[in-house]
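Next comes final_23.cif, with mmCIF, C-alpha atoms.
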data_input
loop_
_atom_site.label_atom_id
_atom_site.label_comp_id
_atom_site.auth_asym_id
_atom_site.auth_seq_id
_atom_site.Cartn_x
_atom_site.Cartn_y
_atom_site.Cartn_z
CA MET N 1 -21.19 -43.76 -42.14
CA LYS N 2 -18.26 -44.02 -39.73
CA PRO N 3 -15.98 -41.66 -41.69
CA VAL N 4 -18.82 -39.11 -41.93
CA PHE N 5 -19.53 -39.40 -38.19
CA THR N 6 -15.83 -39.04 -37.43
CA ILE N 7 -15.59 -35.90 -39.56
CA ILE N 8 -18.70 -34.37 -37.94
CA SER N 9 -17.38 -35.17 -34.45
CA ALA N 10 -14.04 -33.61 -35.26
CA LEU N 11 -15.73 -30.48 -36.60
CA LEU N 12 -17.92 -30.22 -33.48
CA LEU N 13 -14.89 -30.56 -31.20
CA ALA N 14 -13.07 -27.89 -33.19
CA VAL N 15 -16.05 -25.54 -32.91
CA ILE N 16 -16.36 -26.16 -29.15
CA ALA N 17 -12.63 -25.57 -28.68
CA THR N 18 -12.85 -22.33 -30.65
CA VAL N 19 -15.86 -21.13 -28.66
CA ASN N 20 -14.17 -21.92 -25.34
CA SER N 21 -10.83 -20.31 -26.23
CA CYS N 22 -9.86 -16.68 -25.87
CA PRO N 23 -10.62 -14.29 -28.73
CA PRO N 24 -7.77 -13.77 -31.23
CA SER N 25 -7.74 -10.07 -30.30
CA ASP N 26 -6.99 -10.89 -26.64
CA ARG N 27 -4.27 -13.33 -27.67
CA ALA N 28 -2.69 -10.70 -29.91
CA ALA N 29 -2.79 -8.11 -27.12
CA LEU N 30 -1.11 -10.53 -24.68
CA LEU N 31 1.65 -11.32 -27.17
CA ALA N 32 2.24 -7.61 -27.77
CA PHE N 33 2.38 -7.10 -23.99
CA ARG N 34 4.88 -9.95 -23.70
CA ALA N 35 7.05 -8.53 -26.50
CA ALA N 36 7.81 -5.43 -24.41
CA LEU N 37 9.18 -7.52 -21.50
CA HIS N 38 12.31 -9.62 -21.08
CA GLU N 39 12.50 -12.38 -18.45
CA PRO N 40 15.82 -14.25 -18.86
CA TYR N 41 15.95 -16.77 -16.01
CA LEU N 42 12.67 -18.52 -15.24
CA GLY N 43 10.92 -19.02 -18.57
CA ILE N 44 7.77 -17.30 -17.31
CA PHE N 45 6.49 -16.81 -20.86
CA ASP N 46 7.46 -20.23 -22.28
CA SER N 47 3.88 -21.43 -21.82
CA TRP N 48 2.46 -18.55 -23.88
CA THR N 49 2.07 -20.64 -27.03
CA GLY N 50 -0.85 -21.94 -29.03
CA THR N 51 -4.11 -20.26 -29.93
CA ASP N 52 -5.91 -20.55 -26.58
CA CYS N 53 -4.57 -18.03 -24.07
CA CYS N 54 -7.24 -19.10 -21.55
CA HIS N 55 -5.60 -22.45 -20.84
CA ASN N 56 -2.12 -23.05 -19.46
CA TRP N 57 -0.74 -19.61 -20.18
CA TYR N 58 1.23 -18.81 -17.02
CA GLY N 59 -0.35 -16.00 -15.01
CA VAL N 60 -3.36 -15.58 -17.32
CA SER N 61 -6.97 -16.29 -16.33
CA CYS N 62 -10.15 -15.82 -18.32
CA ASP N 63 -13.79 -15.24 -17.51
CA SER N 64 -15.62 -18.57 -17.54
CA GLU N 65 -18.56 -17.23 -19.55
CA SER N 66 -17.15 -14.67 -21.96
CA HIS N 67 -13.70 -16.34 -22.27
CA ARG N 68 -12.16 -12.88 -22.31
CA VAL N 69 -8.88 -12.37 -20.45
CA ALA N 70 -9.81 -11.25 -16.92
CA ASP N 71 -6.61 -11.49 -14.87
CA ILE N 72 -2.88 -11.08 -15.40
CA ASN N 73 -1.02 -12.28 -12.30
CA LEU N 74 2.76 -12.17 -12.67
CA ARG N 75 4.71 -12.00 -9.40
CA GLY N 76 8.49 -11.96 -9.22
CA GLU N 77 8.45 -13.28 -5.65
CA SER N 78 6.30 -16.37 -5.27
CA GLU N 79 6.18 -19.89 -3.87
CA ASP N 80 5.21 -21.19 -7.29
CA PRO N 81 7.24 -24.31 -8.32
CA ILE N 82 8.79 -22.39 -11.20
CA PHE N 83 10.64 -20.24 -8.64
CA GLU N 84 11.48 -23.13 -6.32
CA ARG N 85 13.09 -25.07 -9.15
CA ALA N 86 15.23 -22.09 -10.11
CA HIS N 87 16.17 -21.31 -6.47
CA ARG N 88 15.82 -17.61 -7.12
CA THR N 89 13.37 -14.71 -7.23
CA GLY N 90 12.34 -13.18 -10.49
CA TYR N 91 13.96 -10.44 -12.53
CA MET N 92 12.35 -8.84 -15.54
CA THR N 93 13.17 -5.80 -17.63
CA GLY N 94 11.29 -3.88 -20.29
CA PHE N 95 8.10 -1.87 -19.88
CA ILE N 96 4.33 -2.33 -19.59
CA SER N 97 3.04 -1.93 -23.12
CA PRO N 98 -0.12 0.14 -23.74
CA GLU N 99 -1.31 -2.93 -25.69
CA ILE N 100 -2.48 -4.25 -22.32
CA CYS N 101 -5.36 -1.76 -22.56
CA LYS N 102 -6.81 -3.74 -25.47
CA LEU N 103 -7.73 -6.41 -22.91
CA THR N 104 -10.87 -4.45 -22.12
CA ARG N 105 -12.36 -7.00 -19.69
CA LEU N 106 -9.38 -7.08 -17.34
CA SER N 107 -10.38 -7.27 -13.69
CA SER N 108 -6.89 -7.45 -12.15
CA ILE N 109 -3.36 -6.57 -13.23
CA THR N 110 -0.55 -7.79 -10.99
CA ILE N 111 2.96 -7.24 -12.35
CA ALA N 112 4.85 -7.13 -9.08
CA ASP N 113 8.37 -7.48 -7.63
CA TRP N 114 10.29 -7.89 -10.89
CA LYS N 115 12.78 -5.20 -9.86
CA GLY N 116 13.80 -4.16 -13.40
CA ILE N 117 10.61 -3.13 -15.20
CA THR N 118 10.83 0.54 -16.20
CA GLY N 119 8.73 2.97 -18.21
CA GLU N 120 5.47 4.56 -17.14
CA ILE N 121 2.06 3.32 -16.13
CA PRO N 122 0.20 3.30 -19.46
CA LYS N 123 -2.11 6.31 -19.52
CA CYS N 124 -4.80 4.21 -21.17
CA ILE N 125 -5.07 2.10 -17.98
CA SER N 126 -7.90 4.41 -16.92
CA THR N 127 -10.03 3.08 -19.79
CA LEU N 128 -10.19 -0.42 -18.25
CA SER N 129 -13.60 0.06 -16.66
CA PHE N 130 -13.75 -3.46 -15.12
CA LEU N 131 -10.40 -3.15 -13.32
CA ARG N 132 -10.53 -3.95 -9.60
CA ILE N 133 -6.84 -4.54 -8.77
CA LEU N 134 -3.77 -2.69 -10.04
CA ASP N 135 -0.64 -4.01 -8.31
CA LEU N 136 2.71 -2.87 -9.75
CA VAL N 137 4.76 -2.93 -6.52
CA GLY N 138 8.51 -3.50 -6.57
CA ASN N 139 9.65 -2.35 -10.00
CA LYS N 140 11.38 0.75 -11.41
CA ILE N 141 8.32 2.34 -12.95
CA SER N 142 8.58 6.11 -13.32
CA GLY N 143 6.39 8.94 -14.56
CA GLU N 144 3.19 10.08 -12.90
CA ILE N 145 -0.02 8.43 -11.74
CA PRO N 146 -2.48 8.80 -14.67
CA TYR N 147 -4.36 12.05 -14.10
CA ASP N 148 -7.76 10.47 -14.83
CA ILE N 149 -7.29 7.33 -12.73
CA GLY N 150 -10.50 8.31 -10.94
CA LYS N 151 -12.45 6.83 -13.85
CA LEU N 152 -11.76 3.34 -12.46
CA ASN N 153 -14.84 3.29 -10.25
CA ARG N 154 -14.51 -0.47 -9.57
CA LEU N 155 -10.90 -0.26 -8.37
CA THR N 156 -10.45 -1.71 -4.86
CA VAL N 157 -6.62 -2.03 -4.73
CA LEU N 158 -4.04 0.45 -6.01
CA ASN N 159 -0.51 -0.63 -5.10
CA ILE N 160 2.39 1.09 -6.84
CA ALA N 161 4.79 1.06 -3.87
CA ASP N 162 8.57 0.71 -4.24
CA ASN N 163 8.89 2.32 -7.65
CA GLN N 164 10.08 5.70 -8.93
CA ILE N 165 6.71 7.36 -9.45
CA SER N 166 6.87 11.17 -9.34
CA GLY N 167 4.49 14.10 -9.65
CA ARG N 168 1.43 14.79 -7.54
CA ILE N 169 -1.39 12.58 -6.33
CA PRO N 170 -4.05 13.41 -8.95
CA ALA N 171 -7.22 15.03 -7.66
CA SER N 172 -9.28 12.45 -9.55
CA LEU N 173 -7.97 9.69 -7.26
CA THR N 174 -10.49 10.86 -4.67
CA SER N 175 -13.25 9.64 -7.03
CA LEU N 176 -12.22 5.99 -6.54
CA SER N 177 -15.32 5.27 -4.48
CA SER N 178 -14.61 1.51 -4.22
CA LEU N 179 -10.94 1.84 -3.18
CA MET N 180 -10.03 -0.15 -0.05
CA HIS N 181 -6.23 -0.37 -0.20
CA LEU N 182 -3.97 2.51 -1.32
CA ASP N 183 -0.22 1.93 -1.23
CA LEU N 184 2.07 4.62 -2.67
CA ARG N 185 5.04 4.01 -0.36
CA ASN N 186 8.66 4.63 -1.33
CA ASN N 187 8.32 6.67 -4.48
CA LYS N 188 9.09 10.30 -5.41
CA ILE N 189 5.57 11.65 -5.13
CA SER N 190 5.38 15.33 -4.18
CA GLY N 191 2.79 18.01 -3.58
CA PRO N 192 -0.11 17.91 -1.12
CA ILE N 193 -2.53 15.16 -0.16
CA PRO N 194 -5.74 15.93 -2.09
CA ARG N 195 -8.03 18.03 0.09
CA ARG N 196 -11.04 15.85 -0.76
CA ILE N 197 -9.43 12.54 0.20
CA GLY N 198 -12.28 12.08 2.68
CA ARG N 199 -14.45 11.01 -0.26
CA LEU N 200 -12.72 7.59 -0.23
CA GLY N 201 -15.36 6.12 2.05
CA MET N 202 -14.36 2.46 1.59
CA LEU N 203 -10.64 2.96 2.27
CA SER N 204 -9.17 0.84 5.08
CA ARG N 205 -5.41 1.34 4.46
CA ALA N 206 -3.66 4.49 3.23
CA LEU N 207 0.10 3.97 3.03
CA LEU N 208 1.95 7.02 1.66
CA SER N 209 5.28 6.91 3.51
CA GLY N 210 8.69 7.50 1.99
CA ASN N 211 7.78 10.21 -0.50
CA GLN N 212 8.13 14.00 -0.72
CA ILE N 213 4.52 14.83 0.10
CA SER N 214 4.12 18.30 1.59
CA GLY N 215 1.42 20.53 3.02
CA PRO N 216 -1.00 19.81 5.87
CA ILE N 217 -2.93 16.67 6.80
CA PRO N 218 -6.41 17.24 5.35
CA GLY N 219 -9.07 17.19 8.04
CA SER N 220 -11.35 15.31 5.65
CA ILE N 221 -9.33 12.13 6.29
CA SER N 222 -11.28 11.73 9.53
CA ARG N 223 -14.45 11.18 7.48
CA ILE N 224 -13.07 7.87 6.14
CA TYR N 225 -14.85 5.83 8.77
CA ARG N 226 -13.36 2.48 7.68
CA LEU N 227 -9.73 3.67 7.81
CA ALA N 228 -7.67 1.43 10.12
CA ASP N 229 -4.09 2.12 9.00
CA LEU N 230 -2.73 5.57 8.08
CA ASP N 231 0.98 5.89 7.33
CA LEU N 232 2.24 9.33 6.26
CA SER N 233 5.76 8.92 7.69
CA MET N 234 8.99 10.08 6.04
CA ASN N 235 7.53 12.94 4.03
CA LYS N 236 7.57 16.74 4.29
CA ILE N 237 4.14 17.17 5.86
CA SER N 238 3.70 20.33 7.90
CA GLY N 239 1.07 22.02 10.03
CA SER N 240 -0.70 20.56 13.04
CA ILE N 241 -2.32 17.18 13.65
CA PRO N 242 -6.11 17.37 13.20
CA ALA N 243 -7.76 16.48 16.52
CA SER N 244 -10.47 14.70 14.53
CA LEU N 245 -8.03 11.85 13.75
CA GLY N 246 -8.47 10.76 17.35
CA LYS N 247 -12.22 10.43 16.88
CA MET N 248 -12.04 7.86 14.08
CA ALA N 249 -13.85 4.68 15.05
CA VAL N 250 -11.43 2.01 13.76
CA LEU N 251 -8.10 3.79 13.24
CA ALA N 252 -5.56 1.46 14.88
CA THR N 253 -2.21 2.56 13.41
CA LEU N 254 -1.12 6.16 12.90
CA ASN N 255 2.43 6.77 11.69
CA LEU N 256 3.36 10.44 11.23
CA ASP N 257 7.06 10.17 12.07
CA CYS N 258 9.82 11.97 10.17
CA ASN N 259 7.86 14.98 8.95
CA LYS N 260 7.72 18.71 9.75
CA ILE N 261 4.59 18.62 11.90
CA SER N 262 4.26 21.30 14.59
CA GLY N 263 1.77 22.28 17.26
CA THR N 264 0.72 20.13 20.19
CA ILE N 265 -0.41 16.52 20.57
CA PRO N 266 -4.21 16.40 20.43
CA PRO N 267 -5.51 14.66 23.58
CA THR N 268 -7.97 12.75 21.38
CA LEU N 269 -5.09 10.68 19.92
CA LEU N 270 -4.36 9.25 23.37
CA THR N 271 -7.96 8.37 24.22
CA SER N 272 -8.82 6.81 20.84
CA SER N 273 -8.81 3.36 19.26
CA ILE N 274 -5.23 3.94 18.08
CA GLY N 275 -2.88 1.28 19.47
CA ASN N 276 0.24 1.99 17.41
CA LEU N 277 1.15 5.69 17.49
CA ASN N 278 4.38 7.09 16.06
CA LEU N 279 4.82 10.88 16.13
CA SER N 280 8.62 10.87 16.40
CA ARG N 281 11.03 13.20 14.59
CA ASN N 282 8.75 16.17 14.17
CA GLY N 283 8.49 19.62 15.79
CA LEU N 284 5.73 18.90 18.31
CA ALA N 285 5.81 21.10 21.41
CA GLY N 286 3.87 21.58 24.62
CA LYS N 287 3.01 18.96 27.21
CA ILE N 288 2.08 15.30 26.73
CA PRO N 289 -1.68 15.23 27.50
CA ASP N 290 -2.35 13.61 30.88
CA VAL N 291 -5.40 11.68 29.70
CA PHE N 292 -4.49 7.98 29.98
CA GLY N 293 -6.74 5.54 31.80
CA PRO N 294 -7.84 1.91 32.20
CA ARG N 295 -8.98 1.74 28.56
CA SER N 296 -5.62 2.92 27.18
CA TYR N 297 -3.99 0.12 25.18
CA PHE N 298 -0.88 0.88 23.14
CA THR N 299 1.60 -1.53 21.63
CA VAL N 300 3.77 1.47 20.69
CA ILE N 301 3.84 5.16 21.60
CA ASP N 302 6.86 6.90 20.06
CA LEU N 303 7.13 10.62 20.79
CA SER N 304 10.93 10.85 20.53
CA TYR N 305 12.87 13.64 18.80
CA ASN N 306 10.35 16.44 19.33
CA LYS N 307 10.22 19.58 21.50
CA LEU N 308 7.89 18.29 24.20
CA SER N 309 8.18 19.85 27.66
CA GLY N 310 6.72 19.37 31.12
CA SER N 311 6.61 16.06 32.96
CA ILE N 312 5.68 12.50 32.01
CA PRO N 313 1.92 12.02 32.58
CA ARG N 314 1.23 10.16 35.83
CA THR N 315 -1.95 8.67 34.33
CA LEU N 316 0.27 6.42 32.21
CA THR N 317 0.47 4.13 35.24
CA ALA N 318 -3.30 3.62 34.98
CA ALA N 319 -3.14 2.44 31.37
CA PHE N 320 -4.30 -1.11 30.69
CA TYR N 321 -1.21 -1.82 28.55
CA ILE N 322 1.76 0.12 27.19
CA GLY N 323 4.13 -2.16 25.29
CA HIS N 324 6.76 0.35 24.19
CA LEU N 325 7.08 4.02 25.12
CA ASP N 326 9.80 6.33 23.77
CA VAL N 327 10.00 9.97 24.88
CA SER N 328 13.74 10.43 24.34
CA TYR N 329 15.27 13.58 22.81
CA ASN N 330 12.70 16.07 24.14
CA HIS N 331 12.70 18.75 26.87
CA LEU N 332 10.94 16.74 29.58
CA CYS N 333 11.66 17.21 33.25
CA GLY N 334 10.72 15.70 36.61
CA ARG N 335 10.43 12.28 38.19
CA ILE N 336 9.64 9.22 36.04
CA PRO N 337 6.53 7.63 37.62
CA ALA N 338 7.03 4.26 39.35
CA GLY N 339 5.30 1.02 38.37
CA ALA N 340 3.99 -0.27 35.08
CA PRO N 341 4.78 0.41 32.29
CA PHE N 342 7.94 2.14 33.48
CA ASP N 343 9.31 -0.91 35.27
CA HIS N 344 10.00 -2.72 31.96
CA LEU N 345 11.31 0.21 29.89
CA GLU N 346 14.99 0.88 29.26
CA ALA N 347 16.91 4.08 29.93
CA SER N 348 17.13 4.78 26.18
CA SER N 349 13.37 5.47 26.19
CA PHE N 350 13.97 8.55 28.39
CA SER N 351 17.46 9.70 27.44
CA HIS N 352 18.45 13.18 26.23
CA ASN N 353 15.80 15.18 28.06
CA HIS N 354 16.33 18.26 30.23
CA CYS N 355 16.00 16.89 33.75
CA LEU N 356 14.20 13.56 33.95
CA CYS N 357 15.19 11.38 36.89
CA GLY N 358 14.22 8.16 38.61
CA LYS N 359 14.37 4.58 37.39
CA PRO N 360 15.61 3.59 34.88
CA LEU N 361 17.61 6.86 34.90
CA ARG N 362 19.63 8.29 37.77
CA ALA N 363 17.98 8.79 41.14
CA CYS N 364 16.22 12.10 41.78
#
Would you mind giving the structure from this file in structure tokens?
Amino acid sequence: MKPVFTIISALLLAVIATVNSCPPSDRAALLAFRAALHEPYLGIFDSWTGTDCCHNWYGVSCDSESHRVADINLRGESEDPIFERAHRTGYMTGFISPEICKLTRLSSITIADWKGITGEIPKCISTLSFLRILDLVGNKISGEIPYDIGKLNRLTVLNIADNQISGRIPASLTSLSSLMHLDLRNNKISGPIPRRIGRLGMLSRALLSGNQISGPIPGSISRIYRLADLDLSMNKISGSIPASLGKMAVLATLNLDCNKISGTIPPTLLTSSIGNLNLSRNGLAGKIPDVFGPRSYFTVIDLSYNKLSGSIPRTLTAAFYIGHLDVSYNHLCGRIPAGAPFDHLEASSFSHNHCLCGKPLRAC
């Protein structure tokens, strides 16, 4: 009986192992994905052997119930021992194969900071209906954002910063109703910000700096009531600043520097929850609104390199805290108010104006 029992036990173990391993179709898709990439230094893919891609395949995780591949997490900059042993960051070339779209239960795709990965974002990525995270930061990916990316209604993170993405922000992106983090920084994206961006009701960070985005700031942005960080700097944005941005409940950082923005500074921006405000290097004119008070708390106010005129608001001395103020390279005139915050600011914060005087500049 022992041989029979041994055979039955072995068969049962084989069946259990097969049931608990990833489907052959997922394994085949992963191997096809790997075949399009080349990683010469770290041996990232050396563990991708055997029939069970759910166990001990570096960067691959599976759903505990379905045993389908759920996560691909491959970072070129990590504290993982594989990087510490090599004493270097990662470098990978090749492209992201459309075969990745055969992993239909993927919840997250992180292929980040490999520096040499080229090609386009596979257009079929929009068919991955369970996808919550798409993080491709720090590569050389080109082409456009898939036009129908708005189909990914579970997506919470879209990070394609530091690549070579071009074209426009697709209108369908405003349908990503679960999106919380949008990072498109440092690409070649052009055209306007979609007019209906205010539909992204869950968005808390919108980082679009370092592109070629043009046109006005859509007023609908102010309807994103969770938005805390808005960075549109280093683009070609024109028009005026919507006053409604200053009425947003949790907006703490607003960076609009290095654009072509004109008009005046809305007083609402200076009486809002914003604590880090950078409007430098634009074409803003008129006076600085004299609306500061005991509730004013700014770590940074940078208004330099504009066309602002008039005097420095005296109410600044009533502010609860002003960490850094820069009004240099404008057309300001008059006496710099005495006391905080002016007693800890350097002359460079006031230089190159028409006729400012008083400490830390020359005496009046």
Given the PyMOL selection byres ((chain N and resi 339-354) around 12), the residues it picks as a tab-separated table (two decimals) with C-alpha atoms, in the coordinates of the input:
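out26.tsv written:
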chain	number	residue	atom	x	y	z
N	296	SER	CA	-5.62	2.92	27.18
N	297	TYR	CA	-3.99	0.12	25.18
N	298	PHE	CA	-0.88	0.88	23.14
N	299	THR	CA	1.60	-1.53	21.63
N	300	VAL	CA	3.77	1.47	20.69
N	301	ILE	CA	3.84	5.16	21.60
N	302	ASP	CA	6.86	6.90	20.06
N	303	LEU	CA	7.13	10.62	20.79
N	304	SER	CA	10.93	10.85	20.53
N	305	TYR	CA	12.87	13.64	18.80
N	306	ASN	CA	10.35	16.44	19.33
N	307	LYS	CA	10.22	19.58	21.50
N	308	LEU	CA	7.89	18.29	24.20
N	309	SER	CA	8.18	19.85	27.66
N	310	GLY	CA	6.72	19.37	31.12
N	311	SER	CA	6.61	16.06	32.96
N	312	ILE	CA	5.68	12.50	32.01
N	313	PRO	CA	1.92	12.02	32.58
N	314	ARG	CA	1.23	10.16	35.83
N	315	THR	CA	-1.95	8.67	34.33
N	316	LEU	CA	0.27	6.42	32.21
N	317	THR	CA	0.47	4.13	35.24
N	318	ALA	CA	-3.30	3.62	34.98
N	319	ALA	CA	-3.14	2.44	31.37
N	320	PHE	CA	-4.30	-1.11	30.69
N	321	TYR	CA	-1.21	-1.82	28.55
N	322	ILE	CA	1.76	0.12	27.19
N	323	GLY	CA	4.13	-2.16	25.29
N	324	HIS	CA	6.76	0.35	24.19
N	325	LEU	CA	7.08	4.02	25.12
N	326	ASP	CA	9.80	6.33	23.77
N	327	VAL	CA	10.00	9.97	24.88
N	328	SER	CA	13.74	10.43	24.34
N	329	TYR	CA	15.27	13.58	22.81
N	330	ASN	CA	12.70	16.07	24.14
N	331	HIS	CA	12.70	18.75	26.87
N	332	LEU	CA	10.94	16.74	29.58
N	333	CYS	CA	11.66	17.21	33.25
N	334	GLY	CA	10.72	15.70	36.61
N	335	ARG	CA	10.43	12.28	38.19
N	336	ILE	CA	9.64	9.22	36.04
N	337	PRO	CA	6.53	7.63	37.62
N	338	ALA	CA	7.03	4.26	39.35
N	355	CYS	CA	16.00	16.89	33.75
N	356	LEU	CA	14.20	13.56	33.95
N	357	CYS	CA	15.19	11.38	36.89
N	358	GLY	CA	14.22	8.16	38.61
N	359	LYS	CA	14.37	4.58	37.39
N	360	PRO	CA	15.61	3.59	34.88
N	361	LEU	CA	17.61	6.86	34.90
N	362	ARG	CA	19.63	8.29	37.77
Taking a cut-off of 8 Å and counting only C-alpha atoms, can you build a table that, for each residue of range 57-94 of chain N near range 98-105 of chain N, reports the nearest atom pair and how far apart they are in Å (one decimal), sorted by chain then residue number, as a Markdown table?
| residue | atom | partner | partner_atom | distance |
| --- | --- | --- | --- | --- |
| N:Arg68 | CA | N:Arg105 | CA | 6.4 |
| N:Val69 | CA | N:Arg105 | CA | 6.4 |
| N:Ala70 | CA | N:Arg105 | CA | 5.7 |
Residue selection dump (C-alpha atoms) as a tab-separated table (two decimals), in the coordinates of the input:
chain	number	residue	atom	x	y	z
N	68	ARG	CA	-12.16	-12.88	-22.31
N	69	VAL	CA	-8.88	-12.37	-20.45
N	70	ALA	CA	-9.81	-11.25	-16.92
Which residues fall under the PyMOL selection byres ((chain N and resi 264) around 9) in this file, as a PDB file with C-alpha atoms, keeping the file's coordinate frame?
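Generated output (expr_2.pdb):
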ATOM      1  CA  SER N 240      -0.700  20.560  13.040  1.00  0.00           C
ATOM      2  CA  ILE N 241      -2.320  17.180  13.650  1.00  0.00           C
ATOM      3  CA  SER N 262       4.260  21.300  14.590  1.00  0.00           C
ATOM      4  CA  GLY N 263       1.770  22.280  17.260  1.00  0.00           C
ATOM      5  CA  ILE N 265      -0.410  16.520  20.570  1.00  0.00           C
ATOM      6  CA  PRO N 266      -4.210  16.400  20.430  1.00  0.00           C
ATOM      7  CA  PRO N 267      -5.510  14.660  23.580  1.00  0.00           C
ATOM      8  CA  GLY N 283       8.490  19.620  15.790  1.00  0.00           C
ATOM      9  CA  LEU N 284       5.730  18.900  18.310  1.00  0.00           C
ATOM     10  CA  ALA N 285       5.810  21.100  21.410  1.00  0.00           C
ATOM     11  CA  GLY N 286       3.870  21.580  24.620  1.00  0.00           C
ATOM     12  CA  LYS N 287       3.010  18.960  27.210  1.00  0.00           C
ATOM     13  CA  ILE N 288       2.080  15.300  26.730  1.00  0.00           C
ATOM     14  CA  LEU N 308       7.890  18.290  24.200  1.00  0.00           C
TER      15      LEU N 308
END
Sorted per-residue table, range 164-263 of chain N near range 154-159 of chain N, closest atoms and distance, 6 Å, only C-alpha atoms, as CSV:
residue,atom,partner,partner_atom,distance
N:Ser178,CA,N:Thr156,CA,5.3
N:Leu179,CA,N:Thr156,CA,4.0
N:Met180,CA,N:Thr156,CA,5.1
N:His181,CA,N:Val157,CA,4.8
N:Leu182,CA,N:Leu158,CA,5.1
N:Asp183,CA,N:Asn159,CA,4.6
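Distances here use only C-alpha atoms; by that measure, the residue among N:Cys258, N:Leu207, N:Ile237, N:Leu245 closest to Ser272 in chain N is N:Leu245.
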Chain and number of each residue from the PyMOL selection byres ((chain N and resi 89) around 8), as a ChimeraX atom specification: /N:76-78,83,87-88,90-91
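Our summary of the geometry notes that CA of Asp63 in chain N is positioned 10.5 Å from CA of Ser21 in chain N.
Using all atoms listed in the file, the protein and nucleic acid residues lying no more than 10 Å from Asn153 in chain N, apart from those fewer than 5 places from it along its own chain, are Ser126, Leu128, Ser129, Phe130, Leu131, Arg132, Leu173, Ser175, Leu176, Ser177, Ser178 and Leu179 of chain N.
Nearest-residue note for Leu279 in chain N: choosing from N:Thr118, N:Arg75, N:Lys236, N:Asp257, the minimum distance belongs to N:Asp257, counting all atoms listed in the file.
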At a cut-off of 10 Å, using all atoms listed in the file, what residues contact Ala35 in chain N? Leave out same-chain residues fewer than 6 positions from it and give the result as a PDB file with C-alpha atoms, in the frame of the given file.
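Output below, filename selection38.pdb:
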ATOM      1  CA  ALA N  29      -2.790  -8.110 -27.120  1.00  0.00           C
ATOM      2  CA  GLY N  94      11.290  -3.880 -20.290  1.00  0.00           C
ATOM      3  CA  PHE N  95       8.100  -1.870 -19.880  1.00  0.00           C
ATOM      4  CA  ILE N  96       4.330  -2.330 -19.590  1.00  0.00           C
ATOM      5  CA  SER N  97       3.040  -1.930 -23.120  1.00  0.00           C
TER       6      SER N  97
END
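Closest to Tyr41 in chain N among N:Trp114, N:Tyr147, N:Tyr225, N:Phe292 is N:Trp114, based on all atoms listed in the file.
Counting from CA of Cys53 in chain N, the distance to CA of Leu30 in chain N is 8.3 Å.
What separates CA of Asn259 in chain N from CA of Asp162 in chain N is a distance of 19.4 Å.
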Sphere at (8.8, 1.6, -17.2), radius 6 Å, counting all atoms listed in the file: residues as a ChimeraX atom specification: /N:95,117-120,141-142
Residue among N:Asn187, N:Thr271, N:Asn282, N:Ser66 lying closest to Pro294 in chain N, counting only C-alpha atoms: N:Thr271
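With all atoms listed in the file as the atoms that count, the residue of N:Ala243, N:Ile274, N:Ile44, N:Met202 with the shortest distance to Gly219 in chain N is N:Ala243.
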Top pick for closest residue to Pro216 in chain N, considering N:Leu256, N:Leu184, N:Ser61, N:Leu203 and counting all atoms listed in the file: N:Leu256
Within 9 Å of Arg196 in chain N using all atoms listed in the file, minus same-chain residues under 3 positions, as a list of chain:residue names: N:Ala171, N:Thr174, N:Ile193, N:Arg199, N:Leu200, N:Pro218, N:Ser220, N:Ile221
